[in-house]
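Here's data-v8.cif, which has mmCIF, C-alpha atoms:
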data_query
loop_
_atom_site.label_atom_id
_atom_site.label_comp_id
_atom_site.auth_asym_id
_atom_site.auth_seq_id
_atom_site.Cartn_x
_atom_site.Cartn_y
_atom_site.Cartn_z
CA MET A 1 -10.20 -34.55 24.77
CA SER A 2 -12.54 -31.56 25.17
CA MET A 3 -9.47 -29.30 25.33
CA LEU A 4 -8.19 -30.77 22.06
CA ARG A 5 -11.56 -30.32 20.41
CA THR A 6 -11.67 -26.70 21.59
CA LEU A 7 -8.16 -26.09 20.29
CA ALA A 8 -8.99 -27.76 17.00
CA THR A 9 -12.12 -25.64 16.54
CA SER A 10 -10.34 -22.40 17.47
CA ALA A 11 -7.34 -23.20 15.31
CA ALA A 12 -9.54 -24.04 12.34
CA ALA A 13 -11.39 -20.74 12.71
CA LEU A 14 -8.17 -18.78 13.02
CA ALA A 15 -6.57 -20.63 10.15
CA LEU A 16 -9.59 -19.87 7.99
CA GLY A 17 -9.38 -16.19 8.94
CA ALA A 18 -5.65 -16.20 8.27
CA GLY A 19 -6.23 -17.80 4.92
CA ILE A 20 -8.72 -15.10 3.96
CA ALA A 21 -6.33 -12.38 5.11
CA SER A 22 -3.34 -13.89 3.36
CA ALA A 23 -5.04 -14.92 0.11
CA ALA A 24 -5.17 -11.45 -1.41
CA THR A 25 -2.31 -9.91 -3.36
CA PHE A 26 -2.00 -6.72 -5.34
CA THR A 27 -2.82 -6.65 -9.03
CA VAL A 28 -1.62 -4.03 -11.50
CA VAL A 29 -3.31 -3.37 -14.83
CA GLY A 30 -1.48 -1.20 -17.33
CA THR A 31 1.27 -1.24 -19.93
CA ASP A 32 2.69 2.29 -19.61
CA THR A 33 5.90 2.35 -17.59
CA THR A 34 8.20 4.97 -16.10
CA VAL A 35 11.52 5.04 -14.28
CA ILE A 36 11.56 6.32 -10.71
CA SER A 37 15.01 7.39 -9.60
CA ALA A 38 17.01 10.37 -8.38
CA ALA A 39 18.56 10.56 -11.84
CA VAL A 40 15.22 11.68 -13.30
CA GLY A 41 14.61 14.13 -10.46
CA ASN A 42 12.62 12.02 -7.99
CA ASN A 43 13.44 13.40 -4.55
CA LEU A 44 11.72 10.72 -2.44
CA VAL A 45 12.95 7.40 -3.80
CA GLU A 46 16.39 7.49 -2.16
CA PRO A 47 15.20 8.73 1.28
CA VAL A 48 12.66 5.87 1.34
CA PHE A 49 14.55 3.05 -0.42
CA GLY A 50 18.20 3.99 -0.17
CA GLU A 51 20.91 5.51 -2.32
CA ASN A 52 21.03 4.70 -6.05
CA THR A 53 17.63 2.99 -6.02
CA VAL A 54 16.00 2.71 -9.43
CA LEU A 55 12.40 1.49 -9.63
CA ASN A 56 10.26 0.61 -12.61
CA GLY A 57 6.76 1.98 -12.17
CA VAL A 58 3.55 1.14 -14.01
CA ILE A 59 1.13 3.94 -14.78
CA GLY A 60 -2.16 2.09 -14.54
CA GLN A 61 -4.67 0.68 -12.08
CA LEU A 62 -4.04 -0.96 -8.70
CA GLY A 63 -6.33 -3.63 -7.30
CA VAL A 64 -6.49 -6.57 -4.91
CA SER A 65 -7.10 -10.15 -6.01
CA ALA A 66 -9.66 -10.97 -3.29
CA ASN A 67 -11.56 -9.48 -0.38
CA THR A 68 -9.11 -8.28 2.26
CA ARG A 69 -8.15 -5.31 4.42
CA VAL A 70 -5.70 -2.59 3.39
CA ARG A 71 -3.97 0.36 5.02
CA PHE A 72 -2.83 3.61 3.39
CA GLU A 73 0.15 5.62 4.63
CA PHE A 74 1.23 9.13 3.58
CA LEU A 75 5.04 8.92 3.41
CA GLY A 76 6.18 12.18 1.86
CA PHE A 77 5.89 14.83 -0.84
CA GLU A 78 7.81 17.32 -2.93
CA ALA A 79 5.13 19.46 -4.50
CA GLY A 80 4.58 23.11 -3.68
CA ALA A 81 0.97 22.80 -4.84
CA GLU A 82 -1.76 21.47 -2.57
CA ASN A 83 -2.18 17.85 -3.58
CA VAL A 84 -4.76 15.52 -2.07
CA PHE A 85 -5.10 11.76 -1.66
CA GLY A 86 -8.54 10.31 -1.06
CA PHE A 87 -10.29 6.98 -0.71
CA GLY A 88 -13.94 5.96 -0.97
CA GLY A 89 -15.02 9.41 -2.10
CA ALA A 90 -13.48 11.23 0.89
CA ASP A 91 -10.23 13.21 1.05
CA LEU A 92 -7.75 11.64 3.47
CA TRP A 93 -4.66 13.88 3.35
CA SER A 94 -3.33 16.93 1.60
CA THR A 95 0.16 18.37 1.27
CA PRO A 96 1.99 19.42 3.30
CA CYS A 97 1.85 16.68 5.92
CA SER A 98 1.93 17.76 9.56
CA GLY A 99 5.00 19.72 10.63
CA THR A 100 6.53 20.16 7.17
CA ALA A 101 7.20 23.23 5.05
CA VAL A 102 4.73 24.31 2.41
CA THR A 103 7.32 24.23 -0.38
CA PRO A 104 9.83 21.50 0.42
CA SER A 105 13.13 21.18 -1.35
CA PRO A 106 14.27 18.72 -2.40
CA GLY A 107 11.56 16.56 -0.77
CA VAL A 108 10.16 15.86 2.67
CA LEU A 109 9.22 12.66 4.47
CA CYS A 110 6.21 12.93 6.76
CA ASP A 111 7.17 12.75 10.43
CA PRO A 112 5.19 11.09 11.76
CA VAL A 113 3.92 8.99 8.88
CA LEU A 114 0.15 9.44 8.57
CA ALA A 115 -1.83 6.21 8.35
CA THR A 116 -5.39 4.95 8.13
CA PRO A 117 -6.69 2.02 10.17
CA TRP A 118 -7.12 -1.27 8.33
CA ILE A 119 -9.98 -0.86 5.85
CA SER A 120 -12.08 -3.75 4.50
CA VAL A 121 -12.17 -3.77 0.69
CA ALA A 122 -13.66 -6.02 -1.95
CA GLY A 123 -11.53 -7.74 -4.55
CA GLY A 124 -10.94 -5.57 -7.61
CA PRO A 125 -9.69 -2.02 -8.21
CA LEU A 126 -9.16 0.10 -5.09
CA ASP A 127 -11.34 3.21 -4.84
CA PHE A 128 -8.70 5.92 -4.39
CA TYR A 129 -7.75 9.12 -6.19
CA PHE A 130 -5.27 11.98 -6.30
CA LYS A 131 -6.08 15.60 -7.07
CA THR A 132 -4.17 18.87 -7.29
CA ASP A 133 -4.84 22.60 -7.24
CA LEU A 134 -1.85 23.28 -9.51
CA ALA A 135 -2.92 25.85 -12.11
CA GLY A 136 -3.37 24.28 -15.52
CA ALA A 137 -3.06 20.69 -14.31
CA SER A 138 -5.01 18.30 -16.51
CA PRO A 139 -6.85 16.44 -15.23
CA ALA A 140 -7.14 18.05 -11.80
CA GLN A 141 -8.21 14.67 -10.35
CA VAL A 142 -6.81 11.25 -11.26
CA ASN A 143 -8.85 8.24 -10.27
CA ASN A 144 -7.50 4.71 -9.93
CA ALA A 145 -8.82 3.75 -13.33
CA PRO A 146 -7.56 2.70 -16.78
CA SER A 147 -7.68 6.39 -17.75
CA ASN A 148 -4.53 6.88 -15.64
CA ASN A 149 -1.95 7.16 -18.44
CA SER A 150 1.56 8.33 -19.22
CA ALA A 151 0.87 11.05 -21.79
CA ALA A 152 3.34 13.92 -21.49
CA ASN A 153 2.21 16.73 -19.18
CA ILE A 154 -0.78 14.73 -17.98
CA THR A 155 -1.42 14.35 -14.25
CA ASN A 156 -0.97 10.70 -13.28
CA PHE A 157 0.49 8.31 -10.73
CA ALA A 158 2.90 5.40 -11.00
CA ILE A 159 2.67 2.10 -9.11
CA THR A 160 5.60 0.08 -7.79
CA LEU A 161 5.34 -3.17 -5.84
CA ASP A 162 7.52 -4.39 -2.99
CA GLY A 163 6.53 -8.05 -3.09
CA LEU A 164 2.86 -8.90 -3.58
CA ARG A 165 1.44 -7.23 -0.47
CA THR A 166 2.99 -3.76 -0.42
CA ALA A 167 2.49 -1.13 -3.12
CA TYR A 168 3.71 2.45 -3.54
CA LEU A 169 1.76 5.17 -5.34
CA TRP A 170 3.91 7.95 -6.82
CA PHE A 171 1.79 10.98 -7.76
CA ASP A 172 2.88 13.45 -10.41
CA ASP A 173 0.95 16.71 -10.80
CA SER A 174 2.49 17.38 -14.23
CA GLY A 175 0.74 19.56 -16.72
CA GLY A 176 0.25 22.54 -14.44
CA THR A 177 2.13 25.71 -13.67
CA ARG A 178 3.76 26.42 -10.32
CA PRO A 179 2.91 29.66 -8.47
CA SER A 180 6.31 30.94 -9.65
CA GLY A 181 5.17 30.53 -13.26
CA GLU A 182 7.48 27.65 -14.18
CA ARG A 183 6.13 24.39 -15.59
CA ASP A 184 5.93 21.50 -13.18
CA ASP A 185 8.53 18.73 -13.33
CA ASP A 186 7.59 15.22 -14.43
CA ASN A 187 9.21 12.84 -11.92
CA HIS A 188 6.48 11.26 -9.76
CA ASP A 189 7.50 12.59 -6.35
CA ASP A 190 4.74 15.13 -5.63
CA MET A 191 3.00 12.80 -3.16
CA LEU A 192 3.97 9.28 -2.04
CA ILE A 193 1.46 6.81 -0.60
CA ARG A 194 2.19 3.28 0.64
CA VAL A 195 -0.59 0.69 0.49
CA SER A 196 -0.34 -2.55 2.48
CA ILE A 197 -2.47 -5.69 2.61
CA ILE A 198 -3.08 -6.88 6.15
CA PRO A 199 -0.41 -9.43 7.17
CA LEU A 200 -1.07 -13.02 8.13
CA PRO A 201 -2.24 -13.12 11.78
CA ALA A 202 0.30 -14.74 14.12
CA PRO A 203 -2.24 -16.26 16.57
CA ALA A 204 -3.29 -18.84 14.01
CA PHE A 205 0.23 -20.19 13.80
CA LEU A 206 0.68 -20.09 17.55
CA LEU A 207 -2.54 -21.97 18.18
CA LEU A 208 -1.83 -24.50 15.47
CA GLY A 209 1.59 -25.05 17.04
CA GLY A 210 -0.05 -25.52 20.41
CA MET A 211 -2.43 -28.01 18.86
CA GLY A 212 0.52 -30.01 17.63
CA VAL A 213 1.99 -30.17 21.13
CA PHE A 214 -1.29 -31.20 22.71
CA GLY A 215 -1.96 -33.68 19.92
CA GLY A 216 1.46 -35.27 20.42
CA MET A 217 0.83 -35.55 24.16
CA ALA A 218 -2.53 -37.19 23.55
CA ALA A 219 -1.03 -39.72 21.12
CA LEU A 220 1.72 -40.58 23.62
CA ARG A 221 -0.87 -41.06 26.35
CA ARG A 222 -2.88 -43.43 24.14
CA ARG A 223 0.20 -45.50 23.36
CA LYS A 224 0.99 -45.79 27.06
CA GLN A 225 -2.56 -46.87 27.82
CA LYS A 226 -2.38 -49.58 25.14
CA ALA A 227 0.95 -50.82 26.48
CA ALA A 228 -0.44 -50.99 30.03
CA ALA A 229 -3.44 -53.01 28.82
#
Spell out the structure here as structure tokens.
Amino acid sequence: MSMLRTLATSAAALALGAGIASAATFTVVGTDTTVISAAVGNNLVEPVFGENTVLNGVIGQLGVSANTRVRFEFLGFEAGAENVFGFGGADLWSTPCSGTAVTPSPGVLCDPVLATPWISVAGGPLDFYFKTDLAGASPAQVNNAPSNNSAANITNFAITLDGLRTAYLWFDDSGGTRPSGERDDDNHDDMLIRVSIIPLPAPAFLLLGGMGVFGGMAALRRRKQKAAA
């Protein structure tokens, strides 16, 4: 029985940890929306999601519903300007990503994808930002805050969700002027970041399954002992 008690204790601990990890989902606050598709000039949506993909993005604020761990991944970019993604007050990545051209056309996926380790975060808005050195861009830095809006020629980012535990951040450095002198396009493909909530740990399920096997064996043994008596 000591083995069963040990399994029960371990499984309970793992199940509790799994519950904490799995409880959180993404939350999006905002009412401004935008279409993300190749038809409006987005050069990353089809390489990432497939041909003819049309996504509805929200220009607003991304958060998590409870304490959890998240990971950020730099997937690709289109901008010729130097754009930056940061978290917790520190810059993480800037365009171009490793091994890519400075001015991609029509858009470049990072190879390899750049990723952070899993980061512990508190429930609520995530502390990330985008910024750009594009001349005339306003604002030059966009924080994950309600001030992120869809006004024309205003730097912003759009949020799309793939389920409740994966989000995509589509940065648009609109409002500035390219080095060539032309106005920047407004299509949310200047930098693409994927954010994931840590998945449910498998060991909890495996141990709970093992508990069921051992528990069934113990019950069968008790029935045999009663029959023998």
How would you write as a list of chain:residue names the residues that get within 7 Å of (-4.8, 24.8, -3.9) in the file's frame, counting all atoms listed in the file?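 Output of the proximity query reads A:Ala81, A:Glu82, A:Thr132, A:Asp133, A:Leu134.
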Go through A:Leu92, A:Ile193, A:Val121, A:Ala23 one by one, measure the shortest atom-to-atom distance of each to A:Trp170 using all atoms listed in the file, and give the residue with the smallest value.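 Going through A:Leu92, A:Ile193, A:Val121, A:Ala23 one by one, the smallest distance to A:Trp170 is for A:Ile193.
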So for stretch 162-165 of chain A, what box centre and size do we get, axis-aligned, 4 Å extra on each of the six sides, every listed atom, Å to one decimal, as lines of an AutoDock Vina configuration file?
center_x = 4.5
center_y = -6.6
center_z = -2.0
size_x = 14.1
size_y = 12.5
size_z = 11.1
Would you mind listing what lies within 12 Å of stretch 64-70 of chain A as a PyMOL selection string, with all atoms listed in the file counted and same-chain residues fewer than 3 positions away left out? chain A and resi 17-29+61+73+87+115-128+164-167+194-200
Show me as a VMD selection string the residues that reach within 10 Å of (-2.2, 7.3, -17.1), counting all atoms listed in the file and using the file's own coordinates. chain A and resid 30 to 33 58 to 61 142 to 152 154 to 158
Counting only C-alpha atoms, which of A:Ser174, A:Asn43, A:Ser37, A:Gln141 gets nearest to A:Gly89?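 Going through A:Ser174, A:Asn43, A:Ser37, A:Gln141 one by one, the smallest distance to A:Gly89 is for A:Gln141.
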Suppose a student applies the PyMOL selection byres ((chain A and resi 137) around 7) to this structure; what residues should they get, written as a PyMOL selection string? chain A and resi 134-136+138-140+155+173-176
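Rounded to one decimal, atom CA of A:Glu78 and atom CA of A:Asn56 lie 19.5 Å from each other.
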Atom CA of A:Gly86 to atom CA of A:Tyr129: how many Å, to one decimal?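 Pair atom CA of A:Gly86 / atom CA of A:Tyr129 returns 5.3 Å.
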Could you tell me which of A:Glu46, A:Asn83, A:Ile159, A:Leu62 comes closest to A:Thr34 if we count all atoms listed in the file? A:Ile159
Quick one: apply the PyMOL selection byres ((chain A and resi 112) around 12) to the file and drop the selected residues here as a list in words.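 This file, filtered by the PyMOL selection byres ((chain A and resi 112) around 12), leaves Glu73, Phe74, Leu75, Gly76, Cys97, Ser98, Gly99, Thr100, Val108, Leu109, Cys110, Asp111, Val113, Leu114 and Ala115 of chain A.
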Pick out the residues sitting within 12 Å of A:Leu44, and hand them over as a ChimeraX atom specification; count only C-alpha atoms, and ignore anything fewer than 6 positions along from it in its own chain. /A:36-38,50-55,75-79,104-110,168-171,187-193
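Going from atom CA of A:Gly41 over to atom CA of A:Thr160, you cover 16.9 Å.
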